[in-house]
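One file, upload27.pdb, is given below (PDB, N, CA and C atoms).
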```pdb
ATOM      1  N   MET A   1     -44.608 -91.572  35.379
ATOM      2  CA  MET A   1     -44.210 -90.207  35.626
ATOM      3  C   MET A   1     -45.131 -89.270  34.856
ATOM      4  N   ALA A   2     -45.554 -88.181  35.480
ATOM      5  CA  ALA A   2     -46.408 -87.201  34.812
ATOM      6  C   ALA A   2     -45.627 -86.504  33.706
ATOM      7  N   ARG A   3     -46.309 -86.196  32.654
ATOM      8  CA  ARG A   3     -45.683 -85.543  31.513
ATOM      9  C   ARG A   3     -45.451 -84.066  31.819
ATOM     10  N   ALA A   4     -44.228 -83.601  31.631
ATOM     11  CA  ALA A   4     -43.889 -82.195  31.842
ATOM     12  C   ALA A   4     -44.339 -81.383  30.628
ATOM     13  N   ARG A   5     -44.719 -80.132  30.882
ATOM     14  CA  ARG A   5     -45.089 -79.205  29.806
ATOM     15  C   ARG A   5     -44.120 -78.028  29.849
ATOM     16  N   ALA A   6     -43.364 -77.837  28.760
ATOM     17  CA  ALA A   6     -42.344 -76.789  28.717
ATOM     18  C   ALA A   6     -42.803 -75.636  27.839
ATOM     19  N   LEU A   7     -42.651 -74.429  28.350
ATOM     20  CA  LEU A   7     -42.971 -73.205  27.623
ATOM     21  C   LEU A   7     -41.671 -72.444  27.406
ATOM     22  N   LEU A   8     -41.361 -72.140  26.144
ATOM     23  CA  LEU A   8     -40.160 -71.377  25.803
ATOM     24  C   LEU A   8     -40.564 -69.928  25.592
ATOM     25  N   VAL A   9     -39.918 -69.021  26.295
ATOM     26  CA  VAL A   9     -40.269 -67.604  26.251
ATOM     27  C   VAL A   9     -39.038 -66.791  25.862
ATOM     28  N   GLY A  10     -39.211 -65.921  24.882
ATOM     29  CA  GLY A  10     -38.092 -65.088  24.463
ATOM     30  C   GLY A  10     -36.960 -65.876  23.838
ATOM     31  N   LEU A  11     -37.265 -67.032  23.276
ATOM     32  CA  LEU A  11     -36.260 -67.881  22.632
ATOM     33  C   LEU A  11     -36.639 -68.067  21.170
ATOM     34  N   ASP A  12     -36.127 -67.200  20.341
ATOM     35  CA  ASP A  12     -36.428 -67.268  18.917
ATOM     36  C   ASP A  12     -35.224 -67.808  18.149
ATOM     37  N   GLY A  13     -35.441 -68.126  16.906
ATOM     38  CA  GLY A  13     -34.351 -68.532  16.029
ATOM     39  C   GLY A  13     -33.719 -69.855  16.416
ATOM     40  N   MET A  14     -32.438 -69.953  16.112
ATOM     41  CA  MET A  14     -31.721 -71.206  16.281
ATOM     42  C   MET A  14     -31.668 -71.656  17.746
ATOM     43  N   THR A  15     -31.470 -70.728  18.667
ATOM     44  CA  THR A  15     -31.408 -71.120  20.077
ATOM     45  C   THR A  15     -32.720 -71.745  20.524
ATOM     46  N   GLY A  16     -33.833 -71.130  20.154
ATOM     47  CA  GLY A  16     -35.135 -71.696  20.498
ATOM     48  C   GLY A  16     -35.346 -73.062  19.875
ATOM     49  N   ASP A  17     -34.898 -73.223  18.632
ATOM     50  CA  ASP A  17     -35.024 -74.522  17.964
ATOM     51  C   ASP A  17     -34.209 -75.597  18.681
ATOM     52  N   ILE A  18     -32.994 -75.257  19.084
ATOM     53  CA  ILE A  18     -32.131 -76.221  19.773
ATOM     54  C   ILE A  18     -32.738 -76.611  21.115
ATOM     55  N   VAL A  19     -33.166 -75.621  21.883
ATOM     56  CA  VAL A  19     -33.763 -75.906  23.193
ATOM     57  C   VAL A  19     -35.024 -76.747  23.023
ATOM     58  N   GLY A  20     -35.866 -76.375  22.070
ATOM     59  CA  GLY A  20     -37.092 -77.125  21.817
ATOM     60  C   GLY A  20     -36.814 -78.576  21.455
ATOM     61  N   ARG A  21     -35.822 -78.798  20.592
ATOM     62  CA  ARG A  21     -35.482 -80.167  20.185
ATOM     63  C   ARG A  21     -34.917 -80.978  21.350
ATOM     64  N   LEU A  22     -34.063 -80.352  22.164
ATOM     65  CA  LEU A  22     -33.517 -81.069  23.324
ATOM     66  C   LEU A  22     -34.640 -81.538  24.251
ATOM     67  N   LEU A  23     -35.613 -80.669  24.474
ATOM     68  CA  LEU A  23     -36.733 -81.036  25.347
ATOM     69  C   LEU A  23     -37.651 -82.064  24.688
ATOM     70  N   GLU A  24     -37.923 -81.914  23.396
ATOM     71  CA  GLU A  24     -38.800 -82.846  22.689
ATOM     72  C   GLU A  24     -38.214 -84.250  22.636
ATOM     73  N   ASP A  25     -36.883 -84.347  22.676
ATOM     74  CA  ASP A  25     -36.228 -85.656  22.638
ATOM     75  C   ASP A  25     -36.429 -86.442  23.931
ATOM     76  N   GLU A  26     -36.865 -85.755  24.976
ATOM     77  CA  GLU A  26     -37.140 -86.428  26.243
ATOM     78  C   GLU A  26     -38.573 -86.952  26.220
ATOM     79  N   SER A  27     -38.742 -88.222  26.497
ATOM     80  CA  SER A  27     -40.058 -88.852  26.374
ATOM     81  C   SER A  27     -41.099 -88.272  27.321
ATOM     82  N   GLY A  28     -40.682 -87.720  28.442
ATOM     83  CA  GLY A  28     -41.644 -87.206  29.401
ATOM     84  C   GLY A  28     -41.933 -85.730  29.250
ATOM     85  N   CYS A  29     -41.657 -85.148  28.072
ATOM     86  CA  CYS A  29     -41.821 -83.705  27.924
ATOM     87  C   CYS A  29     -42.617 -83.333  26.686
ATOM     88  N   GLU A  30     -43.585 -82.455  26.894
ATOM     89  CA  GLU A  30     -44.339 -81.845  25.799
ATOM     90  C   GLU A  30     -43.885 -80.393  25.707
ATOM     91  N   VAL A  31     -43.431 -79.969  24.533
ATOM     92  CA  VAL A  31     -43.025 -78.584  24.331
ATOM     93  C   VAL A  31     -44.201 -77.842  23.714
ATOM     94  N   ILE A  32     -44.648 -76.799  24.381
ATOM     95  CA  ILE A  32     -45.759 -75.989  23.888
ATOM     96  C   ILE A  32     -45.284 -75.264  22.635
ATOM     97  N   LYS A  33     -46.050 -75.374  21.560
ATOM     98  CA  LYS A  33     -45.626 -74.843  20.260
ATOM     99  C   LYS A  33     -45.510 -73.325  20.238
ATOM    100  N   ASP A  34     -46.384 -72.628  20.936
ATOM    101  CA  ASP A  34     -46.347 -71.167  20.970
ATOM    102  C   ASP A  34     -45.095 -70.719  21.715
ATOM    103  N   ARG A  35     -44.377 -69.737  21.169
ATOM    104  CA  ARG A  35     -43.199 -69.172  21.821
ATOM    105  C   ARG A  35     -43.426 -67.682  22.010
ATOM    106  N   PRO A  36     -44.084 -67.320  23.096
ATOM    107  CA  PRO A  36     -44.436 -65.913  23.298
ATOM    108  C   PRO A  36     -43.207 -65.049  23.590
ATOM    109  N   PRO A  37     -43.335 -63.747  23.336
ATOM    110  CA  PRO A  37     -42.253 -62.834  23.727
ATOM    111  C   PRO A  37     -42.234 -62.694  25.247
ATOM    112  N   ARG A  38     -41.166 -62.136  25.762
ATOM    113  CA  ARG A  38     -41.027 -61.957  27.214
ATOM    114  C   ARG A  38     -42.191 -61.166  27.793
ATOM    115  N   ALA A  39     -42.686 -60.187  27.055
ATOM    116  CA  ALA A  39     -43.793 -59.365  27.547
ATOM    117  C   ALA A  39     -45.070 -60.189  27.747
ATOM    118  N   GLY A  40     -45.191 -61.332  27.081
ATOM    119  CA  GLY A  40     -46.373 -62.183  27.202
ATOM    120  C   GLY A  40     -46.212 -63.337  28.169
ATOM    121  N   LEU A  41     -45.178 -63.307  29.003
ATOM    122  CA  LEU A  41     -44.866 -64.424  29.897
ATOM    123  C   LEU A  41     -46.017 -64.807  30.820
ATOM    124  N   LEU A  42     -46.542 -63.867  31.588
ATOM    125  CA  LEU A  42     -47.580 -64.211  32.576
ATOM    126  C   LEU A  42     -48.860 -64.699  31.909
ATOM    127  N   ALA A  43     -49.250 -64.066  30.822
ATOM    128  CA  ALA A  43     -50.453 -64.506  30.102
ATOM    129  C   ALA A  43     -50.260 -65.911  29.538
ATOM    130  N   ALA A  44     -49.072 -66.193  29.036
ATOM    131  CA  ALA A  44     -48.800 -67.518  28.471
ATOM    132  C   ALA A  44     -48.822 -68.586  29.566
ATOM    133  N   ILE A  45     -48.319 -68.266  30.741
ATOM    134  CA  ILE A  45     -48.361 -69.238  31.843
ATOM    135  C   ILE A  45     -49.802 -69.511  32.250
ATOM    136  N   ARG A  46     -50.629 -68.474  32.308
ATOM    137  CA  ARG A  46     -52.049 -68.676  32.629
ATOM    138  C   ARG A  46     -52.740 -69.530  31.567
ATOM    139  N   THR A  47     -52.402 -69.293  30.316
ATOM    140  CA  THR A  47     -53.046 -70.006  29.209
ATOM    141  C   THR A  47     -52.599 -71.463  29.130
ATOM    142  N   TYR A  48     -51.314 -71.710  29.184
ATOM    143  CA  TYR A  48     -50.772 -73.047  28.907
ATOM    144  C   TYR A  48     -50.489 -73.895  30.141
ATOM    145  N   ARG A  49     -50.385 -73.293  31.306
ATOM    146  CA  ARG A  49     -50.124 -74.015  32.557
ATOM    147  C   ARG A  49     -48.899 -74.941  32.455
ATOM    148  N   PRO A  50     -47.741 -74.395  32.082
ATOM    149  CA  PRO A  50     -46.540 -75.238  31.973
ATOM    150  C   PRO A  50     -46.005 -75.642  33.341
ATOM    151  N   SER A  51     -45.250 -76.729  33.366
ATOM    152  CA  SER A  51     -44.553 -77.111  34.597
ATOM    153  C   SER A  51     -43.100 -76.631  34.553
ATOM    154  N   LEU A  52     -42.640 -76.216  33.372
ATOM    155  CA  LEU A  52     -41.282 -75.717  33.188
ATOM    156  C   LEU A  52     -41.329 -74.532  32.226
ATOM    157  N   VAL A  53     -40.713 -73.420  32.611
ATOM    158  CA  VAL A  53     -40.591 -72.247  31.741
ATOM    159  C   VAL A  53     -39.109 -72.013  31.490
ATOM    160  N   VAL A  54     -38.740 -71.909  30.216
ATOM    161  CA  VAL A  54     -37.363 -71.626  29.833
ATOM    162  C   VAL A  54     -37.356 -70.230  29.215
ATOM    163  N   ILE A  55     -36.645 -69.302  29.861
ATOM    164  CA  ILE A  55     -36.636 -67.907  29.422
ATOM    165  C   ILE A  55     -35.281 -67.568  28.829
ATOM    166  N   GLY A  56     -35.298 -66.988  27.643
ATOM    167  CA  GLY A  56     -34.061 -66.556  26.999
ATOM    168  C   GLY A  56     -33.598 -65.221  27.557
ATOM    169  N   LEU A  57     -32.313 -65.119  27.829
ATOM    170  CA  LEU A  57     -31.736 -63.859  28.285
ATOM    171  C   LEU A  57     -31.512 -62.965  27.077
ATOM    172  N   GLN A  58     -31.699 -61.683  27.233
ATOM    173  CA  GLN A  58     -31.653 -60.774  26.089
ATOM    174  C   GLN A  58     -30.279 -60.181  25.820
ATOM    175  N   ASP A  59     -29.454 -60.022  26.796
ATOM    176  CA  ASP A  59     -28.182 -59.335  26.650
ATOM    177  C   ASP A  59     -27.102 -60.298  26.169
ATOM    178  N   ALA A  60     -26.480 -59.981  25.045
ATOM    179  CA  ALA A  60     -25.440 -60.843  24.474
ATOM    180  C   ALA A  60     -24.219 -60.954  25.379
ATOM    181  N   ASP A  61     -24.048 -60.024  26.321
ATOM    182  CA  ASP A  61     -22.899 -60.093  27.222
ATOM    183  C   ASP A  61     -22.919 -61.333  28.106
ATOM    184  N   TRP A  62     -24.086 -61.951  28.294
ATOM    185  CA  TRP A  62     -24.152 -63.175  29.095
ATOM    186  C   TRP A  62     -23.274 -64.256  28.482
ATOM    187  N   ASP A  63     -23.430 -64.490  27.178
ATOM    188  CA  ASP A  63     -22.627 -65.523  26.526
ATOM    189  C   ASP A  63     -21.144 -65.187  26.623
ATOM    190  N   ARG A  64     -20.813 -63.947  26.404
ATOM    191  CA  ARG A  64     -19.416 -63.530  26.477
ATOM    192  C   ARG A  64     -18.855 -63.753  27.889
ATOM    193  N   LEU A  65     -19.638 -63.435  28.897
ATOM    194  CA  LEU A  65     -19.219 -63.654  30.281
ATOM    195  C   LEU A  65     -18.859 -65.116  30.520
ATOM    196  N   PHE A  66     -19.715 -66.027  30.084
ATOM    197  CA  PHE A  66     -19.478 -67.452  30.333
ATOM    198  C   PHE A  66     -18.324 -68.004  29.505
ATOM    199  N   VAL A  67     -18.084 -67.443  28.327
ATOM    200  CA  VAL A  67     -16.959 -67.891  27.499
ATOM    201  C   VAL A  67     -15.640 -67.377  28.060
ATOM    202  N   GLU A  68     -15.603 -66.101  28.405
ATOM    203  CA  GLU A  68     -14.351 -65.507  28.868
ATOM    204  C   GLU A  68     -14.000 -65.861  30.317
ATOM    205  N   TYR A  69     -15.020 -66.134  31.136
ATOM    206  CA  TYR A  69     -14.787 -66.432  32.550
ATOM    207  C   TYR A  69     -15.569 -67.671  32.982
ATOM    208  N   PRO A  70     -15.260 -68.823  32.404
ATOM    209  CA  PRO A  70     -16.048 -70.019  32.703
ATOM    210  C   PRO A  70     -15.944 -70.473  34.159
ATOM    211  N   HIS A  71     -14.921 -70.069  34.874
ATOM    212  CA  HIS A  71     -14.724 -70.497  36.261
ATOM    213  C   HIS A  71     -15.495 -69.622  37.262
ATOM    214  N   VAL A  72     -15.997 -68.481  36.829
ATOM    215  CA  VAL A  72     -16.698 -67.570  37.728
ATOM    216  C   VAL A  72     -18.133 -68.051  37.931
ATOM    217  N   ARG A  73     -18.550 -68.152  39.167
ATOM    218  CA  ARG A  73     -19.941 -68.529  39.472
ATOM    219  C   ARG A  73     -20.802 -67.278  39.346
ATOM    220  N   VAL A  74     -21.914 -67.402  38.640
ATOM    221  CA  VAL A  74     -22.789 -66.257  38.397
ATOM    222  C   VAL A  74     -24.150 -66.542  39.021
ATOM    223  N   LEU A  75     -24.611 -65.629  39.845
ATOM    224  CA  LEU A  75     -25.926 -65.725  40.470
ATOM    225  C   LEU A  75     -26.765 -64.555  39.968
ATOM    226  N   ALA A  76     -27.872 -64.852  39.305
ATOM    227  CA  ALA A  76     -28.793 -63.817  38.840
ATOM    228  C   ALA A  76     -29.915 -63.696  39.864
ATOM    229  N   VAL A  77     -30.289 -62.475  40.185
ATOM    230  CA  VAL A  77     -31.316 -62.205  41.180
ATOM    231  C   VAL A  77     -32.443 -61.413  40.530
ATOM    232  N   THR A  78     -33.694 -61.771  40.837
ATOM    233  CA  THR A  78     -34.833 -61.031  40.296
ATOM    234  C   THR A  78     -34.812 -59.607  40.840
ATOM    235  N   PRO A  79     -35.446 -58.668  40.131
ATOM    236  CA  PRO A  79     -35.387 -57.263  40.537
ATOM    237  C   PRO A  79     -35.793 -56.994  41.986
ATOM    238  N   GLU A  80     -36.763 -57.696  42.508
ATOM    239  CA  GLU A  80     -37.203 -57.463  43.882
ATOM    240  C   GLU A  80     -36.565 -58.432  44.879
ATOM    241  N   GLY A  81     -35.660 -59.264  44.403
ATOM    242  CA  GLY A  81     -34.914 -60.145  45.288
ATOM    243  C   GLY A  81     -35.670 -61.356  45.808
ATOM    244  N   ARG A  82     -36.736 -61.741  45.156
ATOM    245  CA  ARG A  82     -37.523 -62.887  45.638
ATOM    246  C   ARG A  82     -36.944 -64.238  45.207
ATOM    247  N   ARG A  83     -36.246 -64.270  44.087
ATOM    248  CA  ARG A  83     -35.685 -65.528  43.563
ATOM    249  C   ARG A  83     -34.293 -65.266  43.003
ATOM    250  N   ALA A  84     -33.531 -66.335  42.908
ATOM    251  CA  ALA A  84     -32.200 -66.252  42.313
ATOM    252  C   ALA A  84     -31.923 -67.523  41.530
ATOM    253  N   CYS A  85     -30.992 -67.437  40.629
ATOM    254  CA  CYS A  85     -30.628 -68.574  39.790
ATOM    255  C   CYS A  85     -29.111 -68.628  39.702
ATOM    256  N   LEU A  86     -28.533 -69.757  40.054
ATOM    257  CA  LEU A  86     -27.089 -69.944  39.946
ATOM    258  C   LEU A  86     -26.798 -70.637  38.619
ATOM    259  N   PHE A  87     -26.021 -69.984  37.778
ATOM    260  CA  PHE A  87     -25.637 -70.584  36.500
ATOM    261  C   PHE A  87     -24.463 -71.503  36.759
ATOM    262  N   ARG A  88     -24.649 -72.799  36.457
ATOM    263  CA  ARG A  88     -23.572 -73.730  36.763
ATOM    264  C   ARG A  88     -23.364 -74.808  35.732
ATOM    265  N   GLU A  89     -24.315 -75.091  34.879
ATOM    266  CA  GLU A  89     -24.108 -76.175  33.940
ATOM    267  C   GLU A  89     -24.442 -75.733  32.518
ATOM    268  N   PRO A  90     -23.876 -76.450  31.540
ATOM    269  CA  PRO A  90     -24.189 -76.149  30.141
ATOM    270  C   PRO A  90     -25.679 -76.353  29.853
ATOM    271  N   LEU A  91     -26.129 -75.801  28.751
ATOM    272  CA  LEU A  91     -27.546 -75.804  28.377
ATOM    273  C   LEU A  91     -28.201 -77.174  28.467
ATOM    274  N   ALA A  92     -27.662 -78.164  27.797
ATOM    275  CA  ALA A  92     -28.313 -79.484  27.766
ATOM    276  C   ALA A  92     -28.443 -80.073  29.164
ATOM    277  N   GLU A  93     -27.398 -79.973  29.967
ATOM    278  CA  GLU A  93     -27.447 -80.523  31.328
ATOM    279  C   GLU A  93     -28.466 -79.776  32.184
ATOM    280  N   GLY A  94     -28.496 -78.455  32.048
ATOM    281  CA  GLY A  94     -29.441 -77.652  32.819
ATOM    282  C   GLY A  94     -30.882 -77.928  32.434
ATOM    283  N   LEU A  95     -31.138 -78.101  31.135
ATOM    284  CA  LEU A  95     -32.498 -78.420  30.685
ATOM    285  C   LEU A  95     -32.969 -79.749  31.246
ATOM    286  N   LEU A  96     -32.111 -80.743  31.178
ATOM    287  CA  LEU A  96     -32.497 -82.066  31.654
ATOM    288  C   LEU A  96     -32.721 -82.064  33.167
ATOM    289  N   ALA A  97     -31.893 -81.331  33.907
ATOM    290  CA  ALA A  97     -32.065 -81.242  35.356
ATOM    291  C   ALA A  97     -33.387 -80.546  35.688
ATOM    292  N   ALA A  98     -33.702 -79.466  34.995
ATOM    293  CA  ALA A  98     -34.952 -78.755  35.226
ATOM    294  C   ALA A  98     -36.153 -79.610  34.859
ATOM    295  N   LEU A  99     -36.038 -80.366  33.804
ATOM    296  CA  LEU A  99     -37.126 -81.249  33.372
ATOM    297  C   LEU A  99     -37.397 -82.331  34.411
ATOM    298  N   ARG A 100     -36.345 -82.908  34.955
ATOM    299  CA  ARG A 100     -36.508 -83.944  35.974
ATOM    300  C   ARG A 100     -37.191 -83.387  37.230
ATOM    301  N   GLU A 101     -36.948 -82.127  37.544
ATOM    302  CA  GLU A 101     -37.511 -81.525  38.743
ATOM    303  C   GLU A 101     -38.890 -80.926  38.536
ATOM    304  N   SER A 102     -39.350 -80.838  37.290
ATOM    305  CA  SER A 102     -40.650 -80.193  37.042
ATOM    306  C   SER A 102     -41.806 -81.160  37.232
TER     307      SER A 102
END
```
Kindly present the structure from the file in structure tokens form.
Amino acid sequence: MARARALLVGLDGMTGDIVGRLLEDESGCEVIKDRPPRAGLLAAIRTYRPSLVVIGLQDADWDRLFVEYPHVRVLAVTPEGRRACLFREPLAEGLLAALRES
């Protein structure tokens, strides 16, 4: 299996450390050491050529939404409507699923 390359963007502090460790524990994944800010996303993708990008959400209300309403399905849509993401699994499960597909 080809080795996946993961780039963490906008994930600082403890959350970034946890995500990085979860990915590093997978034998088929290399975590890029640089953790650029969200504003540096496109440049970082050009530089590092990752197969997986993990982007941290900035608004703390996201966590509150999932804690207070765990049964509600949440679909996030990009500003121009080109892509969407359905939030459905906890962090570790979602990371592993994304890694397998990258």
Discussion item. Env of Pro37 (chain A): 7 Å cut, atoms = all atoms listed in the file, seq-sep filter 4 positions within chain, self excluded. Answer as number ranges by chain.
Written reply: A: 9-11, 41
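Across the model, the gap from CA of Arg100 (chain A) to CA of Gly28 (chain A) is 9.0 Å.
Among A:Ala97, A:Arg88, A:Tyr69, A:Tyr48, the residue with the shortest atom-to-atom distance to Pro36 (chain A), counting only C-alpha atoms, is A:Tyr48.
Here atom C of Glu93 (chain A) is placed at a distance of 22.8 Å from CA of Asp34 (chain A).
For the structure in this document, the set picked by the PyMOL selection byres (((chain A and resi 73 and name CA) around 7) and name CA) is His71, Val72, Val74, Leu75, Phe87 and Arg88 of chain A.
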Item to complete: Name the residues of region 29-102 of chain A that come out as strand (DSSP E or B) in a backbone DSSP run; write them as JSON, numbers by chain.
Response: {"A": [29, 30, 31, 52, 53, 54, 55, 74, 75, 76, 77, 84, 85, 86, 87]}
Discussion item. With distances taken over only C-alpha atoms, which residue among A:Leu95, A:Leu7, A:Arg49, A:Asp17 lies nearest Arg35 (chain A)?
Written reply: A:Leu7
Test item: axis-aligned box, all listed atoms of region 18-21 of chain A, 4 Å on each side, centre and edges in Å rounded to one decimal, as AutoDock Vina command-line options:
```
--center_x -34.6 --center_y -78.1 --center_z 21.1 --size_x 13.0 --size_y 13.7 --size_z 12.1
```
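Our summary of the geometry notes that CA of Val19 (chain A) is positioned 17.9 Å from atom N of Arg64 (chain A).
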Fill in: Answer key for the PyMOL selection byres (((chain A and resi 61-63 and name CA) around 12) and name CA), residues as a ChimeraX atom specification
/A:56-60,64-70,74-76,87,90-91
Worksheet item: On this structure, which residues satisfy the PyMOL selection byres (((chain A and resi 4 and name CA) around 8) and name CA), written as a PyMOL selection string?
Response: chain A and resi 2-3+5-6+28-30+50-52+99+102
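Remark: for Leu96 (chain A), the closest of the candidate residues A:Met14, A:Leu22, A:Leu42, A:Val54 is A:Leu22 (distances computed over only N, CA and C atoms).
Take the candidates A:Ala84, A:Ala43, A:Ala98, A:Leu8 and check each one against Arg21 (chain A) using only C-alpha atoms; the shortest distance goes to A:Leu8.
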Practice prompt. Name the residues of region 14-85 of chain A that fall into alpha helix (DSSP H) according to DSSP on the backbone, using the chain letters and numbers of this document, as a PyMOL selection string.
Written response: chain A and resi 14-24+41-48+61-68
